[in-house]
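File shown here: start.txt, holding compact mmCIF, C-alpha atoms.
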```txt
# COMPACT_ATOMS: atom_id res chain seq x y z
CA MET A 1 11.25 16.95 21.47
CA ALA A 2 12.02 16.00 17.87
CA THR A 3 10.38 18.11 15.19
CA ILE A 4 10.01 18.21 11.41
CA ASP A 5 9.49 21.36 9.35
CA ILE A 6 8.10 21.20 5.82
CA ILE A 7 9.31 24.43 4.24
CA THR A 8 7.68 25.77 1.08
CA ASP A 9 7.43 29.14 -0.64
CA SER A 10 3.98 29.51 0.91
CA GLY A 11 5.16 28.97 4.46
CA THR A 12 6.39 26.40 6.99
CA THR A 13 4.41 23.51 8.41
CA HIS A 14 5.72 22.56 11.85
CA ILE A 15 5.34 18.99 13.15
CA GLU A 16 6.03 17.99 16.74
CA LEU A 17 6.79 14.29 17.02
CA LEU A 18 5.63 12.12 19.90
CA ASP A 19 8.12 11.21 22.61
CA ASN A 20 8.03 7.41 22.71
CA PRO A 21 10.39 4.54 21.79
CA PHE A 22 8.70 3.72 18.48
CA VAL A 23 8.76 7.31 17.19
CA GLU A 24 12.39 7.56 18.29
CA LYS A 25 13.24 4.49 16.15
CA TRP A 26 11.21 5.84 13.23
CA THR A 27 12.91 9.23 13.45
CA THR A 28 16.34 7.61 13.30
CA HIS A 29 15.38 5.65 10.19
CA PHE A 30 13.67 8.66 8.60
CA THR A 31 16.86 10.70 9.05
CA ILE A 32 18.96 7.96 7.42
CA MET A 33 16.55 7.69 4.49
CA LEU A 34 16.48 11.47 4.10
CA GLU A 35 20.25 11.46 3.58
CA LYS A 36 20.10 8.67 0.96
CA TYR A 37 16.96 9.21 -1.10
CA PRO A 38 14.86 12.02 -2.54
CA LEU A 39 11.56 12.68 -0.77
CA ASP A 40 8.38 13.29 -2.74
CA TYR A 41 4.72 13.77 -1.84
CA TYR A 42 1.41 12.46 -3.11
CA ALA A 43 -2.21 13.16 -2.27
CA ILE A 44 -3.63 9.73 -1.41
CA ASN A 45 -7.38 9.18 -1.66
CA ILE A 46 -9.21 6.50 0.32
CA PRO A 47 -10.83 4.69 -1.35
CA VAL A 48 -8.59 4.80 -4.42
CA PHE A 49 -10.52 4.98 -7.69
CA HIS A 50 -9.14 6.16 -11.04
CA GLY A 51 -12.33 6.94 -12.89
CA HIS A 52 -10.44 8.98 -15.47
CA LYS A 53 -8.94 5.92 -17.18
CA SER A 54 -10.28 5.07 -20.62
CA THR A 55 -11.41 1.60 -21.66
CA LYS A 56 -8.35 1.45 -23.93
CA GLU A 57 -6.00 2.20 -21.03
CA ILE A 58 -7.67 -0.35 -18.77
CA SER A 59 -7.57 -2.94 -21.55
CA GLN A 60 -3.83 -2.33 -21.88
CA ASP A 61 -3.37 -2.88 -18.12
CA ILE A 62 -5.24 -6.18 -18.43
CA GLU A 63 -3.14 -7.21 -21.43
CA ASN A 64 0.02 -6.32 -19.48
CA LEU A 65 -1.12 -8.48 -16.57
CA LYS A 66 -1.82 -11.42 -18.87
CA ASN A 67 1.56 -11.05 -20.59
CA SER A 68 3.36 -10.88 -17.24
CA ILE A 69 1.80 -14.20 -16.22
CA ILE A 70 2.81 -15.71 -19.58
CA SER A 71 6.36 -14.40 -19.13
CA ILE A 72 6.72 -15.77 -15.62
CA ASN A 73 5.42 -19.15 -16.77
CA LYS A 74 8.23 -19.33 -19.31
CA LEU A 75 10.73 -19.11 -16.45
CA THR A 76 9.31 -21.97 -14.34
CA ASP A 77 10.03 -25.67 -14.70
CA SER A 78 6.84 -26.93 -16.31
CA ILE A 79 7.68 -30.66 -16.13
CA TYR A 80 8.14 -31.15 -12.40
CA HIS A 81 6.75 -27.97 -10.90
CA ASP A 82 3.78 -25.69 -11.22
CA LYS A 83 3.16 -22.68 -13.40
CA PHE A 84 1.22 -19.66 -12.19
CA PRO A 85 -2.09 -21.19 -11.09
CA PHE A 86 -4.38 -18.79 -12.95
CA THR A 87 -4.76 -19.35 -16.69
CA PRO A 88 -3.59 -16.16 -18.42
CA GLU A 89 -6.20 -16.58 -21.17
CA ARG A 90 -8.87 -15.91 -18.52
CA VAL A 91 -7.40 -12.45 -17.89
CA THR A 92 -9.71 -10.51 -20.21
CA TYR A 93 -11.63 -7.25 -20.03
CA ASP A 94 -14.99 -9.03 -20.13
CA ASN A 95 -14.10 -11.47 -17.37
CA ILE A 96 -13.09 -8.65 -15.06
CA PHE A 97 -15.44 -5.80 -15.97
CA LYS A 98 -18.64 -7.54 -17.12
CA ASP A 99 -19.41 -8.49 -13.51
CA LEU A 100 -17.43 -6.27 -11.12
CA HIS A 101 -17.95 -8.57 -8.14
CA LYS A 102 -16.52 -11.55 -10.04
CA GLY A 103 -13.83 -9.38 -11.60
CA GLN A 104 -12.61 -8.17 -8.22
CA LYS A 105 -12.62 -11.75 -6.96
CA ILE A 106 -10.33 -12.73 -9.87
CA LEU A 107 -7.91 -9.93 -9.02
CA ASN A 108 -7.96 -10.86 -5.32
CA GLU A 109 -7.12 -14.46 -6.23
CA ILE A 110 -4.22 -13.51 -8.53
CA HIS A 111 -2.89 -11.04 -5.97
CA ARG A 112 -2.82 -13.72 -3.26
CA TYR A 113 -0.72 -15.99 -5.52
CA PHE A 114 1.73 -13.08 -5.87
CA THR A 115 1.97 -12.39 -2.13
CA THR A 116 2.30 -16.07 -1.25
CA ALA A 117 5.05 -16.49 -3.83
CA GLY A 118 6.94 -13.51 -2.44
CA ARG A 119 6.62 -14.75 1.14
CA THR A 120 7.59 -18.36 0.42
CA ILE A 121 10.65 -17.44 -1.68
CA VAL A 122 12.00 -15.83 1.50
CA GLU A 123 10.92 -18.78 3.67
CA TYR A 124 12.64 -21.30 1.40
CA ARG A 125 15.78 -19.16 1.26
CA GLU A 126 15.93 -19.04 5.06
CA LYS A 127 16.12 -22.84 4.92
CA SER A 128 18.95 -22.60 2.33
CA ILE A 129 16.60 -23.75 -0.46
CA PHE A 130 17.04 -21.34 -3.33
CA ASN A 131 15.07 -20.33 -6.43
CA ARG A 132 11.77 -21.84 -5.40
CA GLY A 133 8.56 -21.06 -3.58
CA ARG A 134 4.80 -21.77 -3.55
CA TRP A 135 1.90 -20.04 -5.21
CA SER A 136 -0.60 -21.03 -2.54
CA ASP A 137 -0.87 -22.47 0.97
CA ASN A 138 -4.09 -24.29 0.04
CA PHE A 139 -2.91 -26.72 -2.64
CA VAL A 140 0.31 -28.22 -4.04
CA SER A 141 1.83 -25.36 -6.01
CA GLU A 142 5.63 -25.37 -5.79
CA PHE A 143 7.52 -23.47 -8.48
CA VAL A 144 11.20 -23.46 -9.41
CA TYR A 145 13.17 -21.04 -11.53
CA LYS A 146 16.79 -21.09 -12.65
CA GLU A 147 19.34 -19.14 -10.67
CA GLU A 148 20.30 -17.09 -13.70
CA ASP A 149 16.63 -16.13 -14.16
CA GLU A 150 16.09 -14.85 -10.61
CA ASP A 151 16.12 -11.13 -11.41
CA GLU A 152 13.83 -11.62 -14.40
CA PHE A 153 11.48 -13.86 -12.40
CA LYS A 154 11.16 -11.31 -9.59
CA HIS A 155 10.71 -8.53 -12.14
CA TYR A 156 7.67 -10.22 -13.68
CA LEU A 157 6.37 -11.18 -10.24
CA ALA A 158 6.47 -7.52 -9.23
CA LEU A 159 4.78 -6.51 -12.50
CA ILE A 160 1.90 -8.90 -11.77
CA ASN A 161 1.36 -7.06 -8.50
CA ASP A 162 1.64 -3.62 -10.12
CA TYR A 163 -0.87 -4.37 -12.86
CA ILE A 164 -3.33 -5.95 -10.43
CA HIS A 165 -3.36 -2.74 -8.42
CA GLU A 166 -3.68 -0.63 -11.56
CA ILE A 167 -6.78 -2.61 -12.53
CA ASP A 168 -8.08 -2.67 -8.93
CA GLN A 169 -8.08 1.10 -8.92
CA SER A 170 -10.31 1.17 -11.99
CA ILE A 171 -12.99 -1.08 -10.48
CA LYS A 172 -15.87 0.71 -8.80
CA THR A 173 -16.79 -1.92 -6.21
CA PRO A 174 -20.03 -1.33 -4.26
CA ARG A 175 -18.08 -0.18 -1.19
CA LYS A 176 -15.95 2.20 -3.24
CA ASN A 177 -19.06 3.51 -4.95
CA ASN A 178 -20.65 4.28 -1.58
CA ASP A 179 -17.72 6.50 -0.58
CA LEU A 180 -16.62 8.04 -3.88
CA ASN A 181 -18.00 11.46 -2.92
CA ASN A 182 -16.93 11.01 0.67
CA ARG A 183 -13.25 10.18 0.37
CA ILE A 184 -10.47 10.73 2.87
CA VAL A 185 -7.37 12.55 1.62
CA ASN A 186 -3.92 12.13 3.15
CA LEU A 187 -0.74 13.90 2.03
CA GLU A 188 1.95 11.20 1.98
CA PHE A 189 5.68 11.87 1.97
CA SER A 190 7.70 8.91 0.70
CA PHE A 191 11.19 8.12 -0.50
CA SER A 192 12.15 6.94 -3.94
CA SER A 193 15.33 6.08 -5.78
CA GLN A 194 14.32 6.31 -9.39
CA PRO A 195 13.77 4.25 -11.38
CA TYR A 196 13.10 1.70 -8.63
CA ASP A 197 11.18 1.82 -5.37
CA CYS A 198 13.71 2.04 -2.55
CA ARG A 199 11.72 -0.35 -0.35
CA PHE A 200 13.46 -3.20 -2.17
CA GLU A 201 16.93 -1.92 -1.42
CA LYS A 202 18.89 -3.32 1.53
CA GLY A 203 18.28 -1.43 4.76
CA ALA A 204 15.40 0.68 3.45
CA TRP A 205 12.57 -1.40 4.91
CA VAL A 206 12.13 -1.78 8.67
CA GLU A 207 9.88 -4.40 10.24
CA VAL A 208 7.25 -3.34 12.76
CA ILE A 209 7.64 -5.71 15.71
CA GLU A 210 5.11 -6.75 18.34
CA GLU A 211 6.23 -4.21 20.95
CA ASP A 212 5.74 -1.39 18.43
CA TYR A 213 1.99 -2.06 18.40
CA LEU A 214 1.84 -0.75 21.96
CA PHE A 215 2.02 2.70 20.35
CA ALA A 216 -0.79 2.10 17.86
CA SER A 217 -3.88 4.23 18.23
CA ASP A 218 -7.21 5.12 16.70
CA SER A 219 -7.36 8.51 18.41
CA GLU A 220 -8.30 11.55 16.34
CA GLU A 221 -5.93 13.63 18.44
CA TYR A 222 -3.08 12.97 15.97
CA ASP A 223 -2.76 13.97 12.33
CA VAL A 224 0.76 12.73 11.43
CA TRP A 225 0.96 8.97 10.98
CA LEU A 226 3.30 6.20 9.90
CA SER A 227 2.72 5.14 6.29
CA LYS A 228 2.45 1.42 5.65
CA ASP A 229 4.46 -1.00 3.54
CA ILE A 230 2.79 -4.40 3.42
CA LEU A 231 3.34 -7.58 1.41
CA GLY A 232 -0.38 -7.94 0.89
CA LYS A 233 -3.22 -5.57 1.72
CA HIS A 234 -4.06 -3.34 4.59
CA TYR A 235 -7.52 -3.96 6.07
CA LEU A 236 -8.90 -0.80 4.48
CA GLU A 237 -7.77 -1.85 1.01
CA ALA A 238 -9.22 -5.33 1.55
CA PHE A 239 -12.48 -3.76 2.73
CA TYR A 240 -12.94 -1.74 -0.46
CA ASP A 241 -11.81 -4.71 -2.60
CA HIS A 242 -14.38 -7.00 -0.93
CA ASP A 243 -11.51 -9.30 0.03
CA ASP A 244 -11.29 -11.81 2.88
CA PRO A 245 -9.65 -10.20 5.95
CA SER A 246 -8.98 -13.61 7.51
CA GLU A 247 -6.39 -14.39 4.81
CA TRP A 248 -2.74 -14.32 5.90
CA ASP A 249 -1.80 -11.36 3.69
CA VAL A 250 -4.43 -8.96 5.01
CA ALA A 251 -2.77 -7.22 7.91
CA PRO A 252 -2.31 -4.01 9.86
CA ILE A 253 0.87 -2.10 9.28
CA ASN A 254 3.86 -4.49 9.52
CA GLY A 255 6.74 -2.46 8.16
CA HIS A 256 7.83 0.92 6.88
CA SER A 257 10.49 2.69 4.83
CA GLY A 258 10.45 5.99 6.70
CA LYS A 259 7.29 7.23 4.99
CA PHE A 260 4.71 9.33 6.80
CA TYR A 261 1.41 10.97 5.98
CA ILE A 262 -0.50 13.97 7.21
CA ASN A 263 -4.26 13.92 7.40
CA VAL A 264 -5.39 16.94 5.39
CA LYS A 265 -9.04 16.03 5.81
CA SER A 266 -11.13 17.08 2.83
CA GLN A 267 -9.22 20.19 1.87
CA TRP A 268 -7.92 18.77 -1.41
CA TYR A 269 -10.56 17.01 -3.48
CA GLU A 270 -13.67 16.33 -1.42
CA PRO A 271 -15.06 19.57 0.02
CA ASN A 272 -18.33 17.93 1.14
CA SER A 273 -16.80 14.82 2.66
CA THR A 274 -17.86 13.76 6.15
CA ASN A 275 -15.21 11.01 6.26
CA THR A 276 -12.31 13.20 7.32
CA THR A 277 -9.93 10.70 8.95
CA ILE A 278 -9.00 7.03 8.74
CA GLN A 279 -9.87 6.80 12.42
CA GLN A 280 -13.47 7.71 11.66
CA LEU A 281 -13.64 5.20 8.82
CA VAL A 282 -12.36 2.21 10.80
CA LYS A 283 -14.84 2.95 13.58
CA ARG A 284 -17.76 3.03 11.15
CA ASP A 285 -20.43 0.35 11.55
CA ASP A 286 -19.99 -1.12 8.05
CA PHE A 287 -16.23 -1.58 8.53
CA GLN A 288 -16.62 -3.01 12.02
CA ASN A 289 -19.39 -5.37 10.85
CA TRP A 290 -17.14 -6.59 8.01
CA LEU A 291 -14.46 -7.53 10.55
CA LYS A 292 -17.02 -9.29 12.73
CA GLU A 293 -18.35 -11.23 9.73
CA TYR A 294 -14.92 -12.86 9.40
CA ASN A 295 -14.32 -13.13 13.17
CA ILE A 296 -11.53 -10.54 13.10
CA GLU A 297 -10.94 -8.79 16.42
CA TYR A 298 -10.62 -5.04 16.06
CA VAL A 299 -7.34 -3.65 17.44
CA PRO A 300 -5.96 -0.07 17.23
CA GLN A 301 -3.11 -1.09 14.91
CA ILE A 302 -5.70 -1.59 12.17
CA CYS A 303 -5.94 2.21 12.23
CA GLY A 304 -2.21 2.83 12.48
CA ILE A 305 0.66 4.21 14.52
CA PRO A 306 0.71 7.97 15.16
CA LEU A 307 3.94 9.96 14.87
CA GLY A 308 2.81 13.36 16.07
CA LYS A 309 0.86 16.52 15.35
CA VAL A 310 0.99 19.52 13.08
CA THR A 311 1.22 22.40 15.54
CA SER A 312 1.40 25.27 13.07
CA GLY A 313 1.23 25.97 9.35
CA LYS A 314 -1.30 23.30 8.41
CA GLU A 315 -2.98 25.88 6.21
CA PHE A 316 0.03 25.62 3.88
CA LEU A 317 -0.85 21.99 3.10
CA ILE A 318 -4.15 22.73 1.43
CA ARG A 319 -4.32 22.21 -2.28
CA LYS A 320 -4.19 25.83 -3.45
CA HIS A 321 -0.92 26.38 -1.59
CA PHE A 322 0.76 23.01 -1.87
CA LYS A 323 -0.15 21.82 -5.34
CA SER A 324 -0.64 23.64 -8.59
CA VAL A 325 -0.01 22.59 -12.17
CA TYR A 326 3.54 21.80 -11.11
CA LYS A 327 4.46 20.17 -7.83
CA GLN A 328 5.30 22.50 -4.99
CA GLN A 329 8.98 22.70 -4.15
CA PHE A 330 9.67 21.86 -0.53
CA ARG A 331 12.45 20.90 1.81
CA ILE A 332 12.49 19.05 5.10
CA GLN A 333 14.31 20.30 8.17
CA THR A 334 14.59 18.01 11.19
CA ASN A 335 15.45 18.65 14.81
CA VAL A 336 16.22 15.24 16.26
```

Spit out the file's structure as structure tokens when you get a sec.
Amino acid sequence: MATIDIITDSGTTHIELLDNPFVEKWTTHFTIMLEKYPLDYYAINIPVFHGHKSTKEISQDIENLKNSIISINKLTDSIYHDKFPFTPERVTYDNIFKDLHKGQKILNEIHRYFTTAGRTIVEYREKSIFNRGRWSDNFVSEFVYKEEDEDEFKHYLALINDYIHEIDQSIKTPRKNNDLNNRIVNLEFSFSSQPYDCRFEKGAWVEVIEEDYLFASDSEEYDVWLSKDILGKHYLEAFYDHDDPSEWDVAPINGHSGKFYINVKSQWYEPNSTNTTIQQLVKRDDFQNWLKEYNIEYVPQICGIPLGKVTSGKEFLIRKHFKSVYKQQFRIQTNV
């Protein structure tokens, strides 16, 4: 049986991985990534809300989003093709934060233009049509950029996504508000190749294929899970953003870059939380009713794909041992 040890000064956390074809594939990729990239960890809250940000900081995020749209418009052919279909002058603090429901709807709309652009650039390229894509599937919205501007175009496209999520995380939607004192905490281990996210490097991202979903689960028996990489939003993110789960870019996990997370329940930030696992959350009536409202069939992959269990040393993952003012030093040892 393959195992992973997370070794810190406080002690060793031992993980026993499941013995199935998907985990075997994941383990192979994880080992490759471990040889190429540094591994770091983050405490991930669900829902995500950054209430510590000042109005000035949020206003700067909004200004950055507006400027990114302006910059990307300068790179498109404005005579024969379409600019970004959301007027940048409408990206203002008042428009987004005066009415949080409307503000979140604006961000959801802009985000879907980003995801559709990213998807269709690939689709066009597969047909040997380069440097073009669409902003939307619902109206004529083809864009073209010059070959020499491709890196700059994709840079600003990625920034649009980054700033949307920065602003998203500062919006206290009604669903987020309901769970702010009841958040789930997962300790995620992910790879990076500073200064850029390694997901965009060749060979780092692996697609989850249909047969892999046979190993999806919503069982609370497991506490080590595959972390998601999605061009779009996971159902949980869409739920808290009051988004439409019937849209093409709301999906269960559809790819990964070797990341994994450990459910540490409420040991980090939320000592009184009753939402201790993602499995509990997705089975909740309000989440299930949201899916039904949009005629989405619930399937276990909405929860995720388990990788294994922590069999000893989980006590070393609690906040007082694993995180202080400075990040805990750790190393990974695998037995594959």

Nearest to Tyr41 in chain A among A:Glu89, A:Glu315, A:Glu188, A:Asp82, with distances taken over only C-alpha atoms: which residue is it? A:Glu188

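Across the model, the gap from CA of Val299 in chain A to CA of Thr276 in chain A is 20.3 Å.
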
Could the residues of range 238-313 of chain A that have an atom at most 12 Å from range 223-227 of chain A be listed as JSON lines, each with its closest atom pair and the distance in Å to one decimal, counting all atoms listed in the file and ordered by chain and ascending residue number?
```
{"residue": "A:Pro252", "atom": "CA", "partner": "A:Ser227", "partner_atom": "CA", "distance": 11.0}
{"residue": "A:Ile253", "atom": "CA", "partner": "A:Ser227", "partner_atom": "CA", "distance": 8.0}
{"residue": "A:Asn254", "atom": "CA", "partner": "A:Ser227", "partner_atom": "CA", "distance": 10.2}
{"residue": "A:Gly255", "atom": "CA", "partner": "A:Ser227", "partner_atom": "CA", "distance": 8.8}
{"residue": "A:His256", "atom": "CA", "partner": "A:Ser227", "partner_atom": "CA", "distance": 6.7}
{"residue": "A:Ser257", "atom": "CA", "partner": "A:Ser227", "partner_atom": "CA", "distance": 8.3}
{"residue": "A:Gly258", "atom": "CA", "partner": "A:Ser227", "partner_atom": "CA", "distance": 7.8}
{"residue": "A:Lys259", "atom": "CA", "partner": "A:Ser227", "partner_atom": "CA", "distance": 5.2}
{"residue": "A:Phe260", "atom": "CA", "partner": "A:Leu226", "partner_atom": "CA", "distance": 4.6}
{"residue": "A:Tyr261", "atom": "CA", "partner": "A:Trp225", "partner_atom": "CA", "distance": 5.4}
{"residue": "A:Ile262", "atom": "CA", "partner": "A:Val224", "partner_atom": "CA", "distance": 4.6}
{"residue": "A:Asn263", "atom": "CA", "partner": "A:Asp223", "partner_atom": "CA", "distance": 5.2}
{"residue": "A:Val264", "atom": "CA", "partner": "A:Asp223", "partner_atom": "CA", "distance": 8.0}
{"residue": "A:Lys265", "atom": "CA", "partner": "A:Asp223", "partner_atom": "CA", "distance": 9.3}
{"residue": "A:Thr276", "atom": "CA", "partner": "A:Asp223", "partner_atom": "CA", "distance": 10.8}
{"residue": "A:Thr277", "atom": "CA", "partner": "A:Asp223", "partner_atom": "CA", "distance": 8.6}
{"residue": "A:Ile278", "atom": "CA", "partner": "A:Asp223", "partner_atom": "CA", "distance": 10.0}
{"residue": "A:Gln279", "atom": "CA", "partner": "A:Asp223", "partner_atom": "CA", "distance": 10.1}
{"residue": "A:Gln301", "atom": "CA", "partner": "A:Leu226", "partner_atom": "CA", "distance": 10.9}
{"residue": "A:Cys303", "atom": "CA", "partner": "A:Trp225", "partner_atom": "CA", "distance": 9.7}
{"residue": "A:Gly304", "atom": "CA", "partner": "A:Leu226", "partner_atom": "CA", "distance": 7.0}
{"residue": "A:Ile305", "atom": "CA", "partner": "A:Leu226", "partner_atom": "CA", "distance": 5.7}
{"residue": "A:Pro306", "atom": "CA", "partner": "A:Trp225", "partner_atom": "CA", "distance": 4.3}
{"residue": "A:Leu307", "atom": "CA", "partner": "A:Trp225", "partner_atom": "CA", "distance": 5.0}
{"residue": "A:Gly308", "atom": "CA", "partner": "A:Val224", "partner_atom": "CA", "distance": 5.1}
{"residue": "A:Lys309", "atom": "CA", "partner": "A:Asp223", "partner_atom": "CA", "distance": 5.4}
{"residue": "A:Val310", "atom": "CA", "partner": "A:Asp223", "partner_atom": "CA", "distance": 6.7}
{"residue": "A:Thr311", "atom": "CA", "partner": "A:Asp223", "partner_atom": "CA", "distance": 9.9}
```

Selection file, C-alpha atoms, as a short mmCIF file (atom, residue, chain, number, x, y, z; two decimals), in the frame of the given file:
```cif
data_model
loop_
_atom_site.label_atom_id
_atom_site.label_comp_id
_atom_site.auth_asym_id
_atom_site.auth_seq_id
_atom_site.Cartn_x
_atom_site.Cartn_y
_atom_site.Cartn_z
CA PRO A 252 -2.31 -4.01 9.86
CA ILE A 253 0.87 -2.10 9.28
CA ASN A 254 3.86 -4.49 9.52
CA GLY A 255 6.74 -2.46 8.16
CA HIS A 256 7.83 0.92 6.88
CA SER A 257 10.49 2.69 4.83
CA GLY A 258 10.45 5.99 6.70
CA LYS A 259 7.29 7.23 4.99
CA PHE A 260 4.71 9.33 6.80
CA TYR A 261 1.41 10.97 5.98
CA ILE A 262 -0.50 13.97 7.21
CA ASN A 263 -4.26 13.92 7.40
CA VAL A 264 -5.39 16.94 5.39
CA LYS A 265 -9.04 16.03 5.81
CA THR A 276 -12.31 13.20 7.32
CA THR A 277 -9.93 10.70 8.95
CA ILE A 278 -9.00 7.03 8.74
CA GLN A 279 -9.87 6.80 12.42
CA GLN A 301 -3.11 -1.09 14.91
CA CYS A 303 -5.94 2.21 12.23
CA GLY A 304 -2.21 2.83 12.48
CA ILE A 305 0.66 4.21 14.52
CA PRO A 306 0.71 7.97 15.16
CA LEU A 307 3.94 9.96 14.87
CA GLY A 308 2.81 13.36 16.07
CA LYS A 309 0.86 16.52 15.35
CA VAL A 310 0.99 19.52 13.08
CA THR A 311 1.22 22.40 15.54
#
```

Using only C-alpha atoms, pick whichever of A:Met1, A:Leu75, A:Val23, A:Ile184 has the shortest atom-to-atom distance to Asn131 in chain A.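 Under the stated criterion, the closest residue is A:Leu75.
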
Which residue gives the smallest distance to Leu65 in chain A among A:Ile96, A:Leu107, A:Ile160, A:Leu231, with all atoms listed in the file counted?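 Closest candidate: A:Ile160.
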
Pairwise distance, CA of Arg175 in chain A with CA of Tyr240 in chain A, equals 5.4 Å

From the list A:Asn20, A:Met33, A:Gln60, A:Glu297, which residue is nearest Leu214 in chain A when using all atoms listed in the file?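 Selected residue with least distance to Leu214 in chain A: A:Asn20.
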
Nearest to Gly11 in chain A: which of A:Tyr163, A:Trp26, A:Phe114, A:Phe316 is it, counting all atoms listed in the file? A:Phe316

Please provide the set of residues having any atom within 7 Å of Ala251 in chain A, restricted to all atoms listed in the file, with same-chain residues fewer than 4 positions apart removed, written as number ranges by chain. A: 233-235

If you count all atoms listed in the file, which residues fall within 9 Å of range 135-146 of chain A, apart from same-chain ones fewer than 6 positions away, as a count of residues only? 19

Exercise on range 131-137 of chain A, axis-aligned box with 6 Å per side, report centre and edge lengths in Å to one decimal, as lines of an AutoDock Vina configuration file:
```
center_x = 7.1
center_y = -21.3
center_z = -2.7
size_x = 27.9
size_y = 14.4
size_z = 19.4
```
